[in-house]
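Have a look at work_34.cif below; it lists mmCIF, C-alpha atoms and all ligand atoms.
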```cif
data_start
loop_
_atom_site.label_atom_id
_atom_site.label_comp_id
_atom_site.auth_asym_id
_atom_site.auth_seq_id
_atom_site.Cartn_x
_atom_site.Cartn_y
_atom_site.Cartn_z
CA MET A 79 11.05 18.76 -22.12
CA ALA A 80 10.12 17.13 -25.46
CA ALA A 81 7.57 14.34 -25.21
CA GLN A 82 8.76 10.84 -25.95
CA PRO A 83 6.67 9.07 -28.63
CA VAL A 84 3.84 7.25 -26.86
CA THR A 85 1.87 6.03 -29.84
CA SER A 86 1.55 2.57 -28.34
CA VAL A 87 -0.11 3.68 -25.10
CA LYS A 88 -3.09 1.43 -25.69
CA ASP A 89 -0.86 -1.65 -26.16
CA GLN A 90 1.03 -1.19 -22.90
CA SER A 91 0.27 -3.36 -19.89
CA LEU A 92 -1.28 -1.67 -16.86
CA ASP A 93 2.02 -1.88 -14.98
CA GLU A 94 3.94 -0.30 -17.84
CA CYS A 95 1.41 2.50 -18.09
CA VAL A 96 1.58 3.24 -14.37
CA LYS A 97 5.39 3.38 -14.48
CA GLU A 98 5.33 5.69 -17.51
CA ILE A 99 2.75 8.04 -15.96
CA ILE A 100 4.64 8.30 -12.67
CA LEU A 101 7.89 8.88 -14.54
CA ALA A 102 6.30 11.51 -16.82
CA SER A 103 5.01 13.29 -13.74
CA SER A 104 8.37 13.31 -12.00
CA LEU A 105 9.98 14.64 -15.22
CA HIS A 106 7.18 17.22 -15.57
CA ASP A 107 6.45 15.96 -19.06
CA LEU A 108 2.97 17.43 -19.48
CA GLU A 109 2.69 16.47 -23.15
CA LYS A 110 3.17 12.84 -22.31
CA LEU A 111 0.77 13.05 -19.38
CA GLU A 112 -1.80 14.60 -21.70
CA VAL A 113 -1.45 11.73 -24.16
CA TYR A 114 -2.11 9.24 -21.36
CA ILE A 115 -5.08 11.22 -20.07
CA ASP A 116 -6.58 11.35 -23.59
CA GLN A 117 -5.83 7.82 -24.68
CA HIS A 118 -5.87 5.61 -21.64
CA SER A 119 -8.30 4.55 -18.96
CA PHE A 120 -7.95 2.28 -15.98
CA PRO A 121 -10.74 0.11 -14.64
CA ASP A 122 -10.56 1.47 -11.05
CA CYS A 123 -9.13 4.97 -11.22
CA LYS A 124 -8.27 7.93 -13.37
CA VAL A 125 -4.89 8.25 -15.12
CA VAL A 126 -3.99 11.10 -12.75
CA ASP A 127 -4.63 8.89 -9.70
CA VAL A 128 -2.59 5.76 -10.49
CA GLN A 129 -0.22 4.65 -7.73
CA ASP A 130 3.24 3.19 -7.96
CA GLY A 131 3.18 -0.35 -6.56
CA GLU A 132 6.36 0.05 -4.54
CA THR A 133 5.95 3.51 -2.98
CA GLY A 134 2.25 4.18 -3.40
CA HIS A 135 3.20 7.48 -5.04
CA SER A 136 0.54 9.08 -7.21
CA PRO A 137 1.50 11.44 -10.05
CA LEU A 138 1.09 14.34 -7.55
CA HIS A 139 3.53 12.68 -5.12
CA ALA A 140 5.96 12.06 -7.98
CA ALA A 141 5.84 15.67 -9.18
CA ILE A 142 6.50 16.93 -5.62
CA ALA A 143 9.16 14.32 -4.79
CA SER A 144 11.15 15.43 -7.83
CA CYS A 145 12.09 18.64 -5.97
CA ARG A 146 14.89 17.50 -3.72
CA PRO A 147 15.75 19.99 -1.01
CA ALA A 148 19.45 20.84 -0.71
CA VAL A 149 21.29 20.71 2.62
CA ASN A 150 20.61 24.37 3.41
CA GLY A 151 16.87 23.81 2.98
CA SER A 152 16.48 25.52 -0.41
CA VAL A 153 15.44 23.46 -3.41
CA ALA A 154 18.37 21.95 -5.27
CA GLN A 155 18.87 23.00 -8.86
CA ASP A 156 21.28 20.21 -9.72
CA GLU A 157 20.74 17.83 -12.59
CA GLY A 158 17.57 15.84 -12.13
CA ALA A 159 16.14 17.96 -9.35
CA LYS A 160 13.47 20.49 -10.31
CA GLY A 161 12.56 23.80 -8.77
CA GLU A 162 9.23 24.32 -7.11
CA ASP A 163 7.99 26.52 -9.95
CA VAL A 164 8.42 23.73 -12.53
CA ALA A 165 6.76 21.22 -10.21
CA ALA A 166 3.97 23.74 -9.49
CA THR A 167 2.98 23.70 -13.17
CA THR A 168 2.72 19.91 -13.08
CA VAL A 169 0.82 19.92 -9.79
CA LYS A 170 -1.69 22.46 -11.15
CA PHE A 171 -2.05 20.45 -14.37
CA LEU A 172 -2.77 17.24 -12.41
CA LEU A 173 -5.27 18.97 -10.10
CA GLU A 174 -7.04 20.56 -13.08
CA ASN A 175 -7.38 17.08 -14.51
CA GLY A 176 -9.08 15.87 -11.35
CA ALA A 177 -6.20 14.35 -9.32
CA ILE A 178 -7.19 13.40 -5.76
CA TRP A 179 -5.57 15.91 -3.41
CA ASN A 180 -5.42 13.65 -0.36
CA GLN A 181 -4.44 10.21 -1.65
CA VAL A 182 -1.99 8.57 0.77
CA ASP A 183 1.15 6.70 -0.28
CA HIS A 184 2.67 3.67 1.49
CA ASN A 185 4.27 6.07 3.98
CA ASP A 186 0.79 7.34 4.93
CA GLU A 187 1.61 10.71 3.38
CA THR A 188 -0.62 12.76 1.12
CA PRO A 189 1.12 14.83 -1.59
CA GLY A 190 0.70 17.83 0.74
CA CYS A 191 2.30 15.96 3.67
CA LEU A 192 5.25 15.14 1.43
CA ALA A 193 5.62 18.78 0.34
CA TYR A 194 5.45 19.86 4.00
CA ARG A 195 8.09 17.33 5.10
CA LEU A 196 10.41 18.41 2.26
CA GLY A 197 9.94 22.09 3.14
CA LEU A 198 8.39 22.86 -0.27
CA PHE A 199 5.99 25.50 1.00
CA ASP A 200 4.74 26.84 -2.36
CA LEU A 201 3.75 23.32 -3.37
CA TYR A 202 2.30 22.73 0.11
CA GLN A 203 0.15 25.84 -0.30
CA LEU A 204 -1.13 24.58 -3.68
CA MET A 205 -2.17 21.33 -1.98
CA VAL A 206 -3.85 23.22 0.90
CA ASP A 207 -5.82 25.30 -1.62
CA ALA A 208 -6.85 22.14 -3.48
CA GLY A 209 -8.05 20.65 -0.17
CA VAL A 210 -10.05 23.77 0.64
CA ARG A 211 -11.75 23.71 -2.77
CA ALA A 212 -12.62 20.02 -2.38
CA GLU A 213 -13.97 20.50 1.16
CA MET A 214 -16.06 23.51 0.20
CA LEU A 215 -17.49 21.53 -2.70
CA LEU A 216 -18.27 18.59 -0.43
CA SER A 217 -19.96 20.76 2.16
CA ARG A 218 -22.08 22.54 -0.48
CA LEU A 219 -23.11 19.19 -1.94
CA GLU A 220 -23.97 17.93 1.54
CA GLU A 221 -26.16 20.97 2.04
CA TYR A 222 -27.78 20.37 -1.32
CA GLY A 223 -28.36 16.73 -0.31
CA ARG A 224 -29.92 17.87 2.97
CA LEU A 225 -32.21 20.32 1.18
CA ASN A 226 -33.28 17.57 -1.20
CA ASP A 227 -33.98 15.27 1.74
CA ASP A 228 -36.05 17.97 3.42
CA GLU A 229 -38.04 18.57 0.26
CA SER A 230 -38.77 14.89 -0.23
CA ASP A 231 -39.74 14.62 3.48
CA ASP A 232 -42.28 17.38 2.92
CA GLU A 233 -43.69 15.48 -0.02
CA ASP A 234 -43.73 12.14 1.77
CA ASP A 235 -44.79 12.28 5.42
CA GLY A 236 -44.10 8.58 5.86
CA THR A 237 -40.32 9.06 5.64
CA GLU A 238 -40.12 11.64 8.44
CA ALA A 239 -39.17 9.22 11.19
CA GLU A 240 -36.47 7.62 9.03
CA ALA A 241 -34.96 10.99 8.11
CA GLU A 242 -34.82 12.07 11.75
CA GLU A 243 -33.04 8.91 12.69
CA GLU A 244 -30.45 9.39 9.94
CA GLY A 245 -29.78 12.93 11.13
CA GLU A 246 -29.25 11.72 14.66
CA THR A 247 -26.69 9.11 13.77
CA GLY A 248 -24.75 11.68 11.77
CA GLU A 249 -25.01 9.78 8.52
CA ASN A 250 -24.05 11.66 5.40
CA HIS A 251 -26.49 12.93 2.86
CA GLU A 252 -24.30 13.26 -0.22
CA PRO A 253 -26.02 12.99 -3.57
CA GLU A 254 -24.88 9.87 -5.38
CA THR A 255 -22.81 11.82 -7.90
CA VAL A 256 -20.24 13.05 -5.35
CA ASP A 257 -16.85 11.44 -5.72
CA GLN A 258 -16.11 10.84 -2.04
CA THR A 259 -12.48 9.91 -2.60
CA GLN A 260 -11.81 13.24 -4.19
CA THR A 261 -13.43 15.41 -1.59
CA ALA A 262 -13.34 13.83 1.86
CA THR A 263 -10.43 14.91 4.04
CA VAL A 264 -8.00 12.31 5.23
CA SER A 265 -8.47 12.83 8.90
CA THR A 266 -11.75 14.28 10.01
CA ALA A 267 -13.75 11.09 9.89
CA GLN A 268 -15.66 10.60 13.12
CA ASP A 269 -14.64 7.60 15.20
CA VAL A 270 -18.11 7.20 16.68
CA SER A 271 -21.53 8.63 16.03
CA SER A 272 -23.09 10.99 18.53
CA SER A 273 -25.96 8.68 19.51
CA PHE A 274 -23.55 5.75 20.00
CA TYR A 275 -21.22 7.88 22.15
CA LEU A 276 -24.01 9.34 24.27
CA SER A 277 -25.18 5.85 25.25
CA SER A 278 -21.71 4.40 25.85
CA ALA A 279 -20.05 3.88 29.25
CA LEU A 280 -17.22 6.31 30.11
CA ALA A 281 -14.01 5.85 32.08
CA LEU A 282 -12.59 8.88 33.90
CA SER A 283 -9.06 8.89 35.33
CA ASN A 284 -6.72 11.69 36.44
CA ASN A 285 -5.50 12.53 33.00
CA LYS A 286 -8.20 11.42 30.57
CA LEU A 287 -11.82 10.68 29.85
CA LEU A 288 -12.34 7.70 27.52
CA ASP A 289 -15.44 6.15 25.98
CA ASP A 290 -15.94 2.39 26.00
CA GLN A 291 -13.96 2.00 22.75
CA GLN A 292 -10.97 3.80 24.34
CA ASN A 293 -11.53 6.87 22.19
CA GLY A 294 -10.13 9.95 23.92
CA VAL A 295 -13.06 12.24 24.78
CA MET A 296 -10.89 14.69 26.74
CA MET A 297 -7.26 14.64 27.90
CA ALA A 298 -5.41 16.59 30.56
CA TRP A 299 -2.71 17.77 28.10
CA GLU A 300 -5.41 20.09 26.72
CA SER A 301 -5.49 22.01 30.04
CA ASP A 302 -3.29 24.86 28.84
CA ILE A 303 -5.50 25.30 25.78
CA MET A 304 -8.54 25.45 28.09
CA ARG A 305 -6.87 27.98 30.40
CA ARG A 306 -5.89 30.21 27.46
CA SER A 307 -9.42 29.90 26.01
CA ALA A 308 -10.99 30.97 29.33
CA ASP A 309 -8.54 33.91 29.49
CA ALA A 310 -9.43 34.95 25.93
CA LEU A 311 -13.14 35.00 26.73
CA LEU A 312 -13.27 36.41 30.28
CA SER A 313 -12.04 39.93 29.60
CA GLU A 314 -13.83 41.57 32.57
CA PRO A 315 -15.57 40.53 35.79
CA GLY A 316 -19.31 39.87 35.96
CA MET A 317 -19.83 38.41 32.47
CA GLN A 318 -22.50 35.88 31.47
CA ILE A 319 -20.76 32.85 29.99
CA LEU A 320 -22.05 29.68 28.35
CA ASN A 321 -19.95 26.50 27.95
CA ILE A 322 -21.10 23.59 25.81
CA GLY A 323 -19.54 20.22 26.74
CA PHE A 324 -18.30 19.68 30.34
CA GLY A 325 -15.96 16.69 29.71
CA MET A 326 -13.44 16.74 32.58
CA GLY A 327 -14.64 20.17 33.69
CA ILE A 328 -11.25 21.70 32.93
CA ILE A 329 -12.44 24.88 31.24
CA ASP A 330 -15.37 25.18 33.64
CA SER A 331 -12.96 25.07 36.59
CA TYR A 332 -10.78 27.76 35.00
CA ILE A 333 -13.91 29.85 34.45
CA GLN A 334 -15.01 29.42 38.08
CA ASP A 335 -11.54 30.28 39.47
CA HIS A 336 -10.82 33.14 37.06
CA VAL A 337 -9.83 36.59 38.34
CA ASN A 338 -12.65 37.92 36.16
CA ALA A 339 -15.24 35.68 37.81
CA PRO A 340 -18.47 35.49 35.80
CA ALA A 341 -21.83 36.64 37.18
CA SER A 342 -23.47 33.60 35.62
CA HIS A 343 -22.01 30.44 34.15
CA HIS A 344 -24.28 28.14 32.13
CA ILE A 345 -23.10 24.64 31.14
CA VAL A 346 -24.76 22.33 28.60
CA GLU A 347 -23.90 18.62 28.89
CA ALA A 348 -25.58 15.61 27.29
CA HIS A 349 -23.83 12.48 28.58
CA PRO A 350 -25.56 10.90 31.62
CA ALA A 351 -22.25 9.69 33.11
CA VAL A 352 -20.68 13.15 32.85
CA LEU A 353 -23.80 14.67 34.41
CA ALA A 354 -23.58 12.13 37.28
CA GLU A 355 -19.94 13.14 37.86
CA MET A 356 -20.92 16.83 37.85
CA ARG A 357 -23.62 16.09 40.42
CA ALA A 358 -21.18 14.14 42.61
CA LYS A 359 -18.68 17.02 42.50
CA GLY A 360 -21.25 19.63 43.48
CA TRP A 361 -21.52 21.49 40.18
CA MET A 362 -25.34 21.57 40.38
CA GLU A 363 -25.16 23.53 43.66
CA LYS A 364 -22.65 26.21 42.72
CA ARG A 365 -23.97 29.70 43.30
CA ASN A 366 -23.51 31.17 39.80
CA VAL A 367 -23.78 27.90 37.78
CA VAL A 368 -26.79 26.72 35.78
CA VAL A 369 -26.46 23.20 34.33
CA HIS A 370 -28.62 22.25 31.36
CA SER A 371 -28.88 18.48 30.92
CA GLY A 372 -29.32 17.48 27.28
CA LYS A 373 -27.93 17.96 23.81
CA TRP A 374 -27.14 21.52 22.81
CA GLN A 375 -29.32 20.92 19.74
CA ASP A 376 -32.33 20.74 22.12
CA VAL A 377 -31.20 23.09 24.90
CA LEU A 378 -29.98 26.10 22.89
CA PRO A 379 -33.16 26.79 20.87
CA GLN A 380 -34.99 26.86 24.21
CA LEU A 381 -32.52 29.40 25.63
CA VAL A 382 -32.96 31.52 22.49
CA ALA A 383 -36.75 31.32 22.89
CA GLU A 384 -36.39 32.46 26.53
CA GLY A 385 -34.36 35.47 25.36
CA GLU A 386 -31.10 34.47 27.17
CA THR A 387 -27.96 36.13 25.83
CA PHE A 388 -24.29 35.67 26.73
CA ASP A 389 -21.16 37.81 26.63
CA ALA A 390 -19.02 34.74 25.97
CA ILE A 391 -19.60 31.23 24.61
CA TYR A 392 -17.27 28.23 24.42
CA PHE A 393 -17.99 25.08 22.36
CA ASP A 394 -16.24 21.72 22.75
CA THR A 395 -18.30 18.58 22.17
CA PHE A 396 -17.41 15.06 21.06
CA ALA A 397 -18.48 12.67 18.27
CA GLU A 398 -20.12 15.41 16.23
CA SER A 399 -19.50 16.31 12.61
CA TYR A 400 -18.30 19.53 11.07
CA SER A 401 -21.81 20.18 9.80
CA ASP A 402 -23.13 19.98 13.40
CA PHE A 403 -20.56 22.59 14.35
CA ARG A 404 -21.54 24.80 11.42
CA ASP A 405 -25.20 24.51 12.45
CA PHE A 406 -24.13 25.57 15.94
CA PHE A 407 -22.56 28.86 14.90
CA SER A 408 -24.79 29.69 11.96
CA GLU A 409 -28.06 28.99 13.79
CA GLN A 410 -27.48 29.17 17.57
CA VAL A 411 -24.61 31.58 18.29
CA ILE A 412 -26.36 34.21 16.22
CA GLY A 413 -29.30 34.08 18.64
CA LEU A 414 -27.34 33.73 21.88
CA LEU A 415 -24.30 36.01 21.67
CA SER A 416 -24.62 39.65 22.69
CA GLN A 417 -23.69 42.11 19.96
CA ILE A 418 -20.26 42.81 21.46
CA GLY A 419 -19.72 39.28 22.81
CA LYS A 420 -16.92 36.81 21.97
CA TRP A 421 -17.01 33.09 21.38
CA SER A 422 -14.48 30.34 20.87
CA PHE A 423 -14.31 26.62 20.20
CA PHE A 424 -11.92 23.73 20.60
CA ASN A 425 -10.07 23.86 17.29
CA GLY A 426 -9.22 20.21 16.77
CA MET A 427 -10.64 19.53 13.34
CA GLY A 428 -8.19 17.71 11.12
CA ALA A 429 -5.50 17.83 13.84
CA ASP A 430 -4.13 14.40 13.11
CA ARG A 431 -2.15 15.82 10.20
CA GLN A 432 -0.90 19.30 9.42
CA ILE A 433 -2.47 19.63 5.99
CA SER A 434 -5.96 18.73 7.25
CA TYR A 435 -5.55 21.23 10.10
CA ASP A 436 -4.58 23.96 7.63
CA VAL A 437 -7.36 23.06 5.21
CA TYR A 438 -9.93 23.18 8.00
CA GLN A 439 -8.71 26.52 9.26
CA LYS A 440 -9.54 28.04 5.88
CA VAL A 441 -12.84 26.20 5.51
CA VAL A 442 -13.95 27.37 8.97
CA GLU A 443 -12.83 30.93 8.25
CA MET A 444 -14.95 31.02 5.10
CA ASP A 445 -18.00 29.52 6.81
CA LEU A 446 -17.63 31.90 9.77
CA PHE A 447 -17.39 34.81 7.38
CA GLU A 448 -20.55 33.65 5.60
CA SER A 449 -22.34 33.59 8.98
CA GLY A 450 -21.20 37.11 9.81
CA PHE A 451 -18.25 36.39 12.14
CA ASP A 452 -14.66 37.62 12.19
CA VAL A 453 -12.08 35.26 13.65
CA GLU A 454 -8.64 35.91 15.13
CA TRP A 455 -6.17 33.09 15.77
CA ASP A 456 -3.60 32.90 18.52
CA ASP A 457 -0.85 30.25 18.35
CA VAL A 458 -0.40 28.13 21.49
CA ALA A 459 2.78 26.03 21.63
CA LEU A 460 2.19 22.47 22.81
CA PRO A 461 4.52 20.24 24.81
CA ASP A 462 5.80 16.94 23.41
CA LEU A 463 2.72 14.71 23.50
CA ASP A 464 4.36 11.38 22.65
CA GLN A 465 3.83 9.92 26.14
CA GLU A 466 0.19 10.92 26.35
CA TRP A 467 -1.44 8.31 24.14
CA GLU A 468 -0.99 5.11 26.12
CA GLY A 469 -4.34 3.33 26.36
CA VAL A 470 -5.97 5.72 23.88
CA ARG A 471 -7.28 4.15 20.71
CA ARG A 472 -6.22 6.83 18.25
CA LYS A 473 -3.70 9.63 18.50
CA TYR A 474 -5.95 12.45 17.44
CA TRP A 475 -3.34 15.21 17.68
CA ASN A 476 -0.27 15.35 15.40
CA VAL A 477 0.17 19.08 14.95
CA HIS A 478 2.87 21.04 16.77
CA SER A 479 0.96 24.11 17.82
CA TYR A 480 -2.68 24.85 18.56
CA ARG A 481 -4.50 27.73 16.85
CA LEU A 482 -6.86 29.29 19.37
CA PRO A 483 -9.81 31.04 17.73
CA VAL A 484 -11.67 34.07 19.07
CA CYS A 485 -14.76 35.00 17.05
CA LYS A 486 -16.90 38.15 17.11
CA PHE A 487 -19.72 39.55 15.04
CA MET A 488 -18.34 41.55 12.11
CA ASP A 489 -18.48 45.33 12.53
C1 LIG B 1 -14.17 17.15 24.75
S1 LIG B 1 -15.30 17.10 26.05
C2 LIG B 1 -15.27 18.74 26.66
C3 LIG B 1 -14.07 19.02 27.47
C4 LIG B 1 -14.12 20.34 28.22
N1 LIG B 1 -13.88 21.45 27.34
C5 LIG B 1 -13.10 20.36 29.34
O1 LIG B 1 -12.42 21.40 29.50
O2 LIG B 1 -12.98 19.37 30.07
C6 LIG B 1 -16.82 17.02 25.20
C7 LIG B 1 -18.06 16.99 26.07
O3 LIG B 1 -19.18 17.30 25.24
C8 LIG B 1 -20.26 16.47 25.62
N2 LIG B 1 -21.19 16.39 24.46
C9 LIG B 1 -21.05 15.66 23.34
N3 LIG B 1 -22.08 15.91 22.51
C10 LIG B 1 -22.86 16.83 23.11
C11 LIG B 1 -24.05 17.50 22.72
N4 LIG B 1 -24.62 17.29 21.54
N5 LIG B 1 -24.59 18.39 23.57
C12 LIG B 1 -24.00 18.64 24.78
N6 LIG B 1 -22.87 18.03 25.18
C13 LIG B 1 -22.29 17.14 24.36
C14 LIG B 1 -19.57 15.16 25.95
O4 LIG B 1 -20.39 14.32 26.73
C15 LIG B 1 -18.34 15.63 26.69
O5 LIG B 1 -18.58 15.76 28.05
#
```
Reformat the file's structure so that it appears as structure tokens.
Ligand SMILES: C[S@@+](CC[C@H](N)C(=O)[O-])C[C@H]1O[C@@H](n2cnc3c(N)ncnc32)[C@H](O)[C@@H]1O
Amino acid sequence: MAAQPVTSVKDQSLDECVKEIILASSLHDLEKLEVYIDQHSFPDCKVVDVQDGETGHSPLHAAIASCRPAVNGSVAQDEGAKGEDVAATTVKFLLENGAIWNQVDHNDETPGCLAYRLGLFDLYQLMVDAGVRAEMLLSRLEEYGRLNDDESDDEDDGTEAEAEEEGETGENHEPETVDQTQTATVSTAQDVSSSFYLSSALALSNNKLLDDQQNGVMMAWESDIMRRSADALLSEPGMQILNIGFGMGIIDSYIQDHVNAPASHHIVEAHPAVLAEMRAKGWMEKRNVVVHSGKWQDVLPQLVAEGETFDAIYFDTFAESYSDFRDFFSEQVIGLLSQIGKWSFFNGMGADRQISYDVYQKVVEMDLFESGFDVEWDDVALPDLDQEWEGVRRKYWNVHSYRLPVCKFMD
């Protein structure tokens, strides 16, 4: 499409510019977009990140929304509607110019959510890939920030106590240059920090365990996932298994009652109220059970030092960050899992929207690979969960099926 003359870009009001940019994006007019990118700047955001006042659409949303699906589900080729390939060029152009991949519109949809809802799977995949790149960049910068912190701690002994405290509360260590809006995922923010959670009161009922802010720590609808996870790990009788995070004891009960009963069953749990419940229910006295009270960060290095190894490990904690989880598998599993052992984890990262779930699957796969693990995924269909959230502060699950991971050391 030929570019309209835009020689007066600098004289346009902000509103006019925004309208023109969104329109250019929906018409896939790259020449015009380029003129705006070169000639215009906004006080609060980049040209590629402006948002339409009415819909909240960014240029990425506009480019995707221009592909209207026809009744049969394929993309319409009628006048005005564009095919996914044309829109893909615009989407790539916007991303190359730094567009935020996960900006939400007034419908609380990211450009990827919109593509998913419209069934535009090539465009959806482009947005997933953009999310993966942004997350990998963020995690590398976090690591770099942590290394810098460690180096400056070595140089300045006086800051040691402060640094430890920051680590414990899960605060981020990004260098100042990181553009948080561009990299952070929409849905993996922690609701509470680990230290806050571990000192909060808990409420246990038949179907859920809540903290004192009504955050769901564990819910009974996850039982089938726990059963399938125990089945995936306990492939023969007499194994040594380690579970991290007791919660409602659902997976631990499946492990105890399994046809392939384990020879020994270690459990690590840090919350005093959960430990009190375990004591009351007799878990400390079970014949093949060893309960370790404390955070896995303290307990596991001790087990490694004692030379303990396990045939199977399961990990499901609460109020911890992705980098805690990465530390778990890159530093602890390596020392605790037998060479032919299997391990799994509760795969709930980013589960409050499909695109975050898909982005995290790829990020985890890459990090597992880097730590020397292969992973296989098994899809578990979930029932309708709409009734489950009464009294729970945030619906943390919005994805239709669960992807159950089983990890092993690479051959
Ligand atoms: C989601 S629940 C686990 C649910 C469990 N899989 C089940 O089947 O019921 C998370 C548990 O991890 C515990 N936890 C959180 N952080 C921990 C840590 N750093 N070390 C050990 N346990 C932790 C919590 O107290 C909670 O009991």
- Item | For CA of Leu312 in chain A and CA of Lys364 in chain A, the interatomic separation in Å (one decimal) |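 A separation of 18.6 Å between them.
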- Query: Which residues, written as a PyMOL selection string, have at least one atom at most 12 Å from Leu108 in chain A, with all atoms listed in the file counted and residues fewer than 4 positions away on the same chain left out?
  - Reply: chain A and resi 79-82+99-104+112-115+126+137+141+164-172+175
Determine, using only C-alpha atoms and all ligand atoms, which residues of chain A have any atom at most 7 Å from an atom of ligand LIG 1 (chain B), and tabulate each with its shortest atom pair and distance in Å to one decimal place, rows ordered by chain and then rising number, as JSON lines.
```
{"residue": "A:Ser272", "atom": "CA", "partner": "B:LIG1", "partner_atom": "N3", "distance": 6.4}
{"residue": "A:Leu276", "atom": "CA", "partner": "B:LIG1", "partner_atom": "O4", "distance": 6.6}
{"residue": "A:Val295", "atom": "CA", "partner": "B:LIG1", "partner_atom": "C1", "distance": 5.0}
{"residue": "A:Met296", "atom": "CA", "partner": "B:LIG1", "partner_atom": "C1", "distance": 4.6}
{"residue": "A:Ser301", "atom": "CA", "partner": "B:LIG1", "partner_atom": "O1", "distance": 7.0}
{"residue": "A:Met304", "atom": "CA", "partner": "B:LIG1", "partner_atom": "O1", "distance": 5.8}
{"residue": "A:Ile322", "atom": "CA", "partner": "B:LIG1", "partner_atom": "C12", "distance": 5.8}
{"residue": "A:Gly323", "atom": "CA", "partner": "B:LIG1", "partner_atom": "O3", "distance": 3.3}
{"residue": "A:Phe324", "atom": "CA", "partner": "B:LIG1", "partner_atom": "O5", "distance": 4.5}
{"residue": "A:Gly325", "atom": "CA", "partner": "B:LIG1", "partner_atom": "O5", "distance": 3.2}
{"residue": "A:Met326", "atom": "CA", "partner": "B:LIG1", "partner_atom": "O2", "distance": 3.7}
{"residue": "A:Gly327", "atom": "CA", "partner": "B:LIG1", "partner_atom": "O2", "distance": 4.1}
{"residue": "A:Ile328", "atom": "CA", "partner": "B:LIG1", "partner_atom": "O1", "distance": 3.6}
{"residue": "A:Ile329", "atom": "CA", "partner": "B:LIG1", "partner_atom": "O1", "distance": 3.9}
{"residue": "A:Asp330", "atom": "CA", "partner": "B:LIG1", "partner_atom": "O1", "distance": 6.3}
{"residue": "A:Val346", "atom": "CA", "partner": "B:LIG1", "partner_atom": "C12", "distance": 5.4}
{"residue": "A:Glu347", "atom": "CA", "partner": "B:LIG1", "partner_atom": "N6", "distance": 3.9}
{"residue": "A:Ala348", "atom": "CA", "partner": "B:LIG1", "partner_atom": "N6", "distance": 4.2}
{"residue": "A:His349", "atom": "CA", "partner": "B:LIG1", "partner_atom": "O4", "distance": 4.3}
{"residue": "A:Val352", "atom": "CA", "partner": "B:LIG1", "partner_atom": "O5", "distance": 5.9}
{"residue": "A:Gly372", "atom": "CA", "partner": "B:LIG1", "partner_atom": "C12", "distance": 6.0}
{"residue": "A:Lys373", "atom": "CA", "partner": "B:LIG1", "partner_atom": "N5", "distance": 3.4}
{"residue": "A:Trp374", "atom": "CA", "partner": "B:LIG1", "partner_atom": "N5", "distance": 4.1}
{"residue": "A:Gln375", "atom": "CA", "partner": "B:LIG1", "partner_atom": "N4", "distance": 6.2}
{"residue": "A:Asp394", "atom": "CA", "partner": "B:LIG1", "partner_atom": "C2", "distance": 5.0}
{"residue": "A:Thr395", "atom": "CA", "partner": "B:LIG1", "partner_atom": "O3", "distance": 3.4}
{"residue": "A:Phe396", "atom": "CA", "partner": "B:LIG1", "partner_atom": "C9", "distance": 4.3}
{"residue": "A:Ala397", "atom": "CA", "partner": "B:LIG1", "partner_atom": "C9", "distance": 6.4}
{"residue": "A:Glu398", "atom": "CA", "partner": "B:LIG1", "partner_atom": "N3", "distance": 6.6}
```
- For Asp389 in chain A, the closest of A:Ser422, A:Ser401, A:Asn293, A:Ser331 counting all atoms listed in the file is A:Ser422
- Distance of CA of Met205 in chain A from CA of Gly190 in chain A, expressed in Å to one decimal place: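 Interatomic distance, CA of Gly190 in chain A to CA of Met205 in chain A: 5.3 Å.
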- Message: I'd like the neighbourhood of Gln90 in chain A as JSON, numbers by chain, where a residue qualifies if any of its atoms comes within 12 Å (using all atoms listed in the file), though same-chain residues fewer than 5 positions away should be ignored.
- Response: {"A": [84, 85, 95, 96, 97, 98, 99, 114, 117, 118, 119, 120]}
- Message: Here is a test: counting only C-alpha atoms, which residue of A:Glu363, A:Asp227, A:Glu355, A:Glu386 is nearest to Gln318 in chain A?
- Response: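 Among A:Glu363, A:Asp227, A:Glu355, A:Glu386, it is A:Glu386 that comes nearest to Gln318 in chain A.
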- In Å to one decimal, how far is CA of Ser342 in chain A from CA of Val411 in chain A?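 Here the two named atoms are 17.5 Å from each other.
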- Task: Considering all atoms listed in the file, state which residue in the set A:Ala310, A:Ile319, A:Leu201, A:Leu460 is at the smallest distance from Glu162 in chain A.
- Result: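 Closest candidate: A:Leu201.
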So that I can see what lies close to range 465-479 of chain A, please list as a PDB file with C-alpha atoms, in the coordinates of the input the residues with an atom at most 6 Å from it, counting only C-alpha atoms and leaving out residues fewer than 2 positions away in the same chain.
```pdb
ATOM      1  CA  GLN A 292     -10.970   3.800  24.340  1.00  0.00           C
ATOM      2  CA  ASN A 293     -11.530   6.870  22.190  1.00  0.00           C
ATOM      3  CA  GLY A 294     -10.130   9.950  23.920  1.00  0.00           C
ATOM      4  CA  ALA A 429      -5.500  17.830  13.840  1.00  0.00           C
ATOM      5  CA  ASP A 430      -4.130  14.400  13.110  1.00  0.00           C
ATOM      6  CA  ARG A 431      -2.150  15.820  10.200  1.00  0.00           C
ATOM      7  CA  GLN A 432      -0.900  19.300   9.420  1.00  0.00           C
ATOM      8  CA  VAL A 458      -0.400  28.130  21.490  1.00  0.00           C
ATOM      9  CA  ALA A 459       2.780  26.030  21.630  1.00  0.00           C
ATOM     10  CA  LEU A 460       2.190  22.470  22.810  1.00  0.00           C
ATOM     11  CA  LEU A 463       2.720  14.710  23.500  1.00  0.00           C
TER      12      LEU A 463
END
```
